Amino acid sequence: MPTAADPTGRYAEFHARSLREPEAFWAEQAALIDWQEPWSQVLDASKPPFARWFVGGRTNLCHNAVDRHAAAHPERRALIWVSTEVDQEREWNFAELQQEVEAAAAMLKRRGVGRGDRVLIYCPMVPEAAFAMLACARIGAIHSVVFGGFASHSLAGRIEDCSPKLIVSCDAGSRAGKLQPYQPLLEEALRLSQHKVEQVLWIDRGLVPLQPQAGRDFIYASEREAVRGQRVPCEWLESNEVSYTLYTSGTTGRPKGVQRDVGGYAVALAASIRHIFDGQPGETFFSTSDIGWVVGHSYIVYGPLIAGMATLMVEGTPVRPDPGIWWRLVQKYQVRVMFSAPTAVRVLRKADPSYLTQSDLSSLRALFLAGEPLDEPTARWIRDALNKPVVDNYWQTETGWPILTLARGVAPMHERLGSPGLPMYGYHALLVDPETGATLEGPNQKGVLALDYPLPPGCLQTVWGDDERFVKTYWSSIPGRQLYSTFDVATRDADGYTFILGRSDDVINVAGHRLGTREIEESIASVAEVAEVAVVGVADELKGQVAVAFVVPKQAMPEDALAAAVMQRVNEQLGAVARPARVLVVQALPKTRSGKLLRRAMQALCEGRELGDLSTLEDAATLQALAERLKPA
Ligand code: AMP
């Protein structure tokens, strides 16, 4: 049936079929990748909420991303790397990329890394990090990339959870011209971690001196020499073997390792490039994300390459050397598909608009934005400035590819500003009442966005090492029903467009980075002078949200000193991304009679909104005192 979003009705039929006949639908999509051996069963749904896709099929992510294109089009551009931080630009065609990836695979094998072993990658945006990811995929090792902006405490938790046999790291990254040495952070993380790592492979960019430890540390360039000319074939993996884990924040202080398979992920990405991003082999895909995030995994490294596209990987900020840099790169590399985040667009919106008209952007087909809510004014501004479709897409680390957006590769579709669009094929998305579990059918009702079983290919298989946590966290929060909860509150209008209203849990989103307030609180609570702490996310014009910390000191002390100690601790333990924008010292925190923090009221106070239901509040004076504290001096 034609709708405002889908005027031909073709997408509705495509989506309906994906749910009606999932096996036939996904078997067709699976033809987009190479299989060494076909599967015996498309979907094993015998153990909900676990799902296994393409059971018995054998394939390899690296073969699909690199080797098959190197064989068919060796000269075709594969990876372009630009660093506006160190002023370097390099590119590799598919044949060259295969050589580099094989070399990295040989280095890993030489260090005893094999199928099923974990390799943690803690790097800035350097090409070797992408080689290492693909090399792991090639030999069946499981990579776990940790965002280079995280600090030692965050890193240590991840090292402990995934127990890597080897870590790949780098002497330094650079952000906005400021060098960020990695070794001190990694050494501290190794010291903190119960799991002892025996080998570290260092990429030495010559930015800061490394202090290698004999027997533990190896230098990438020397190892590269040592394996020169060695060939390493792809390991054919069963579709449900593990390709990688990627940690993400939740409501507890302990991040979860989102675990992904091989075959389902490859199929999901190949299908998404065709149906959602509308990218063709030989074209260029530019995602401004970082390899430490899920967008970097899916749409810097694997997705574009699997589709035979060139991928443009950039180390740098959107405004350096000036706010025209991304548009010049679009022109220079004839970028067809660009993927960024609303915060970056808000940053660019503050700059001189002429930067947008100085480059020839005729190659660009559309701009995709994700990671945080895309507000209407930002969407309107960039759409009008580019005069191109701007496509919001909503998803999560857990799903690996968009849940809600528009599938322009399937049918002509119309956006509605403020909404990411419609449920994608394969996703049975529902709005449910969080109190009763009832499905909300009518328009404009507010509920939790949930997904019915099974999740489509590409989504998380489980939480690494903890099936119970997977079931408990994601599949047990809706009363009476086993549904996957996104923990996002949403509403749907009469035309079927879904609007995301915010999280229903204690997760906040700072400039597209997902952070658990609990993690930040734990870090702050480790400051000796702190008795109690509450962290809330507060609306921010540029970053979407920022963290604000309310701190109760053990004994009276100067506010500035305590705030500085708190900031420093978070910086050292978690990294600058998690640092609160404000630290407010208060005498008590508002709590319910049963002792629960009234975070919503604190957040509302910070945002100058109505405080809502305060019937459970134990002591009204605490809230009043907070309000006083928030008044401008
Ligand atoms: P992450 O797993 O870090 O990608 O964060 C996922 C969360 O970011 C979602 O659960 C949403 O809360 C938010 N998010 C991502 N994309 C969007 C979007 N397009 N619109 C609104 N919120 C989004």
# chains A, B, ... in the order shown; residues from 1 in each chain; ligands from 1
$ residues_around --residues "Leu611 in chain A" --least-positions-apart "6" --cutoff "10 Å" --atoms "only C-alpha atoms" --output "mmCIF file with all heavy atoms, in the first residue's frame"
data_model
loop_
_atom_site.group_PDB
_atom_site.id
_atom_site.type_symbol
_atom_site.label_atom_id
_atom_site.label_comp_id
_atom_site.auth_asym_id
_atom_site.auth_seq_id
_atom_site.Cartn_x
_atom_site.Cartn_y
_atom_site.Cartn_z
ATOM 1 N N ARG A 600 15.852 11.565 36.858
ATOM 2 C CA ARG A 600 15.018 12.311 35.904
ATOM 3 C C ARG A 600 14.773 13.735 36.420
ATOM 4 O O ARG A 600 14.778 14.685 35.655
ATOM 5 C CB ARG A 600 13.674 11.616 35.685
ATOM 6 C CG ARG A 600 13.787 10.207 35.231
ATOM 7 C CD ARG A 600 13.331 10.005 33.781
ATOM 8 N NE ARG A 600 13.801 8.711 33.312
ATOM 9 C CZ ARG A 600 14.842 8.518 32.513
ATOM 10 N NH1 ARG A 600 15.504 9.553 32.026
ATOM 11 N NH2 ARG A 600 15.249 7.324 32.160
ATOM 12 N N ALA A 601 14.571 13.846 37.726
ATOM 13 C CA ALA A 601 14.317 15.176 38.294
ATOM 14 C C ALA A 601 15.586 16.031 38.193
ATOM 15 O O ALA A 601 15.518 17.227 37.873
ATOM 16 C CB ALA A 601 13.870 15.040 39.740
ATOM 17 N N MET A 602 16.732 15.407 38.435
ATOM 18 C CA MET A 602 17.989 16.177 38.340
ATOM 19 C C MET A 602 18.209 16.651 36.902
ATOM 20 O O MET A 602 18.611 17.781 36.656
ATOM 21 C CB MET A 602 19.172 15.297 38.762
ATOM 22 C CG MET A 602 19.224 15.054 40.248
ATOM 23 S SD MET A 602 20.736 14.161 40.689
ATOM 24 C CE MET A 602 20.072 12.576 41.002
ATOM 25 N N GLN A 603 17.934 15.749 35.973
ATOM 26 C CA GLN A 603 18.105 16.093 34.558
ATOM 27 C C GLN A 603 17.146 17.228 34.174
ATOM 28 O O GLN A 603 17.549 18.208 33.532
ATOM 29 C CB GLN A 603 17.828 14.847 33.721
ATOM 30 C CG GLN A 603 18.107 15.025 32.256
ATOM 31 C CD GLN A 603 17.677 13.795 31.467
ATOM 32 O OE1 GLN A 603 16.663 13.163 31.778
ATOM 33 N NE2 GLN A 603 18.458 13.448 30.465
ATOM 34 N N ALA A 604 15.890 17.092 34.622
ATOM 35 C CA ALA A 604 14.891 18.114 34.295
ATOM 36 C C ALA A 604 15.299 19.467 34.879
ATOM 37 O O ALA A 604 15.170 20.507 34.219
ATOM 38 C CB ALA A 604 13.518 17.685 34.816
ATOM 39 N N LEU A 605 15.834 19.433 36.099
ATOM 40 C CA LEU A 605 16.300 20.678 36.722
ATOM 41 C C LEU A 605 17.382 21.331 35.868
ATOM 42 O O LEU A 605 17.346 22.533 35.594
ATOM 43 C CB LEU A 605 16.917 20.364 38.082
ATOM 44 C CG LEU A 605 16.164 20.717 39.341
ATOM 45 C CD1 LEU A 605 17.039 20.452 40.546
ATOM 46 C CD2 LEU A 605 15.703 22.166 39.346
ATOM 47 N N LEU A 623 16.371 18.792 46.578
ATOM 48 C CA LEU A 623 16.118 19.260 45.221
ATOM 49 C C LEU A 623 16.195 20.786 45.155
ATOM 50 O O LEU A 623 16.723 21.353 44.201
ATOM 51 C CB LEU A 623 14.736 18.764 44.775
ATOM 52 C CG LEU A 623 14.581 18.397 43.301
ATOM 53 C CD1 LEU A 623 15.681 17.472 42.819
ATOM 54 C CD2 LEU A 623 13.227 17.746 43.072
#
$ residues_around --residues "Glu89 in chain A" --least-positions-apart "3" --cutoff "12 Å" --atoms "only C-alpha atoms" --output "MDAnalysis selection string"
chainID A and resid 79:86 92 126:127 312:316 329 332:333
$ residues_near_ligand --ligand "ligand 1" --cutoff "8 Å" --atoms "only C-alpha atoms and all ligand atoms" --output "PyMOL selection string"
chain A and resi 248-249+293-295+369-374+392-398+404+419-420+486-488+499-503+507-509+512-515
$ closest_residue --among "A:Arg158, A:Arg416, A:Arg58, A:Arg593" --to "Pro255 in chain A" --atoms "only C-alpha atoms"
A:Arg158
$ select_by_dssp --residues "range 72-166 of chain A" --states "alpha helix (DSSP H)" --output "PyMOL selection string"
chain A and resi 72+94-110+127-139+152-162
$ closest_residue --among "A:Ala51, A:Val410, A:Leu430, A:Ala106" --to "Phe277 in chain A" --atoms "only C-alpha atoms"
A:Val410
$ closest_residue --among "A:Glu187, A:Glu235, A:Glu610, A:Asp261" --to "Ala151 in chain A" --atoms "only C-alpha atoms"
A:Glu187
$ residues_around --residues "range 61-65 of chain A" --least-positions-apart "6" --cutoff "7 Å" --atoms "only C-alpha atoms" --output "mmCIF file with C-alpha atoms, in the first residue's frame"
data_model
loop_
_atom_site.group_PDB
_atom_site.id
_atom_site.type_symbol
_atom_site.label_atom_id
_atom_site.label_comp_id
_atom_site.auth_asym_id
_atom_site.auth_seq_id
_atom_site.Cartn_x
_atom_site.Cartn_y
_atom_site.Cartn_z
ATOM 1 C CA ILE A 33 28.746 -12.624 -0.950
ATOM 2 C CA ASP A 34 30.981 -15.598 -1.775
ATOM 3 C CA LEU A 134 41.039 -7.634 8.194
ATOM 4 C CA ALA A 137 39.116 -11.876 9.936
ATOM 5 C CA ARG A 138 41.390 -13.632 7.456
ATOM 6 C CA CYS A 234 41.807 -17.179 4.203
ATOM 7 C CA VAL A 262 30.866 -14.080 10.233
ATOM 8 C CA ALA A 266 28.807 -10.188 5.790
ATOM 9 C CA TYR A 302 33.801 -4.128 6.197
ATOM 10 C CA LEU A 305 34.958 -3.183 0.920
ATOM 11 C CA ILE A 306 32.581 -6.151 0.819
#
$ residues_around --residues "Thr245 in chain A" --least-positions-apart "3" --cutoff "7 Å" --atoms "only C-alpha atoms" --output "list in words"
His143, Ser144, Gly257, Val258, Gln259, Arg260 and Trp464 of chain A
$ atom_distance --atom1 "CA of Val432 in chain A" --atom2 "CA of Ile276 in chain A"
26.1 Å
$ residues_around --residues "range 520-526 of chain A" --least-positions-apart "2" --cutoff "7 Å" --atoms "only C-alpha atoms" --output "list in words"
Gly253, Gly516, Thr517, Arg518, Ala528, Val530, Glu532, Val533, Ala534, Val535, Val566, Arg569, Val570, Gln573 and Ala578 of chain A
$ select_by_dssp --residues "range 225-378 of chain A" --states "strand (DSSP E)" --output "count of residues only"
33
$ closest_residue --among "A:Pro7, A:Gly465, A:Gly263, A:Gly148" --to "Pro38 in chain A" --atoms "only C-alpha atoms"
A:Gly263
$ residues_around --residues "Val390 in chain A" --least-positions-apart "3" --cutoff "8 Å" --atoms "only C-alpha atoms" --output "list in words"
Ala366, Leu367, Phe368, Leu369, Ala379, Ile382 and Arg383 of chain A
$ closest_atom_pairs --of "range 517-551 of chain A" --to "range 580-584 of chain A" --cutoff "8 Å" --atoms "only C-alpha atoms" --output "CSV"
residue,atom,partner,partner_atom,distance
A:Val546,CA,A:Ala581,CA,6.1
A:Ala547,CA,A:Pro580,CA,4.6
A:Val548,CA,A:Arg582,CA,5.0
A:Ala549,CA,A:Val583,CA,4.8
A:Phe550,CA,A:Leu584,CA,4.9
A:Val551,CA,A:Leu584,CA,6.0
$ write_last_selection --atoms "N, CA and C atoms" --output "mmCIF file, in the first residue's frame"
data_model
loop_
_atom_site.group_PDB
_atom_site.id
_atom_site.type_symbol
_atom_site.label_atom_id
_atom_site.label_comp_id
_atom_site.auth_asym_id
_atom_site.auth_seq_id
_atom_site.Cartn_x
_atom_site.Cartn_y
_atom_site.Cartn_z
ATOM 1 N N VAL A 546 25.441 16.335 27.231
ATOM 2 C CA VAL A 546 26.727 16.297 27.940
ATOM 3 C C VAL A 546 26.455 15.702 29.324
ATOM 4 N N ALA A 547 27.530 15.193 29.948
ATOM 5 C CA ALA A 547 27.384 14.635 31.292
ATOM 6 C C ALA A 547 27.549 15.746 32.324
ATOM 7 N N VAL A 548 26.653 15.771 33.304
ATOM 8 C CA VAL A 548 26.797 16.695 34.428
ATOM 9 C C VAL A 548 26.856 15.847 35.701
ATOM 10 N N ALA A 549 27.861 16.122 36.545
ATOM 11 C CA ALA A 549 28.037 15.319 37.759
ATOM 12 C C ALA A 549 27.670 16.130 38.989
ATOM 13 N N PHE A 550 26.869 15.533 39.859
ATOM 14 C CA PHE A 550 26.578 16.116 41.170
ATOM 15 C C PHE A 550 27.367 15.317 42.201
ATOM 16 N N VAL A 551 28.217 16.012 42.941
ATOM 17 C CA VAL A 551 29.130 15.311 43.829
ATOM 18 C C VAL A 551 28.919 15.765 45.274
#
$ residues_around --residues "range 224-230 of chain A" --least-positions-apart "3" --cutoff "7 Å" --atoms "only C-alpha atoms" --output "short mmCIF file (atom, residue, chain, number, x, y, z; two decimals) with all heavy atoms, in the first residue's frame"
data_model
loop_
_atom_site.label_atom_id
_atom_site.label_comp_id
_atom_site.auth_asym_id
_atom_site.auth_seq_id
_atom_site.Cartn_x
_atom_site.Cartn_y
_atom_site.Cartn_z
N ALA A 103 50.20 -9.64 4.92
CA ALA A 103 51.39 -9.41 5.73
C ALA A 103 51.00 -9.33 7.21
O ALA A 103 51.63 -9.95 8.08
CB ALA A 103 52.10 -8.13 5.29
N ALA A 106 50.26 -12.68 8.45
CA ALA A 106 51.49 -13.46 8.67
C ALA A 106 52.15 -13.04 9.98
O ALA A 106 52.67 -13.87 10.73
CB ALA A 106 52.44 -13.26 7.49
N MET A 107 52.10 -11.74 10.29
CA MET A 107 52.69 -11.25 11.55
C MET A 107 51.96 -11.87 12.74
O MET A 107 52.57 -12.28 13.72
CB MET A 107 52.57 -9.73 11.66
CG MET A 107 53.39 -8.98 10.66
SD MET A 107 53.19 -7.19 11.03
CE MET A 107 52.87 -6.60 9.41
N TYR A 220 55.83 -3.16 14.34
CA TYR A 220 55.10 -3.55 13.13
C TYR A 220 56.00 -3.58 11.90
O TYR A 220 56.02 -4.57 11.16
CB TYR A 220 53.94 -2.56 12.93
CG TYR A 220 52.87 -3.00 11.96
CD1 TYR A 220 51.70 -3.60 12.40
CD2 TYR A 220 53.01 -2.77 10.60
CE1 TYR A 220 50.71 -3.99 11.52
CE2 TYR A 220 52.02 -3.16 9.69
CZ TYR A 220 50.87 -3.76 10.16
OH TYR A 220 49.88 -4.15 9.28
N ALA A 221 56.76 -2.50 11.69
CA ALA A 221 57.56 -2.42 10.46
C ALA A 221 58.61 -3.53 10.41
O ALA A 221 58.84 -4.12 9.34
CB ALA A 221 58.23 -1.05 10.37
#
$ closest_residue --among "A:Ile121, A:Leu361, A:Leu483, A:Tyr425" --to "Glu21 in chain A" --atoms "only C-alpha atoms"
A:Tyr425
$ closest_residue --among "A:Gly177, A:Gly447, A:Gly409, A:Pro22" --to "Ile273 in chain A" --atoms "only C-alpha atoms"
A:Gly409
$ atom_distance --atom1 "CA of Asp290 in chain A" --atom2 "CA of Met125 in chain A"
6.7 Å
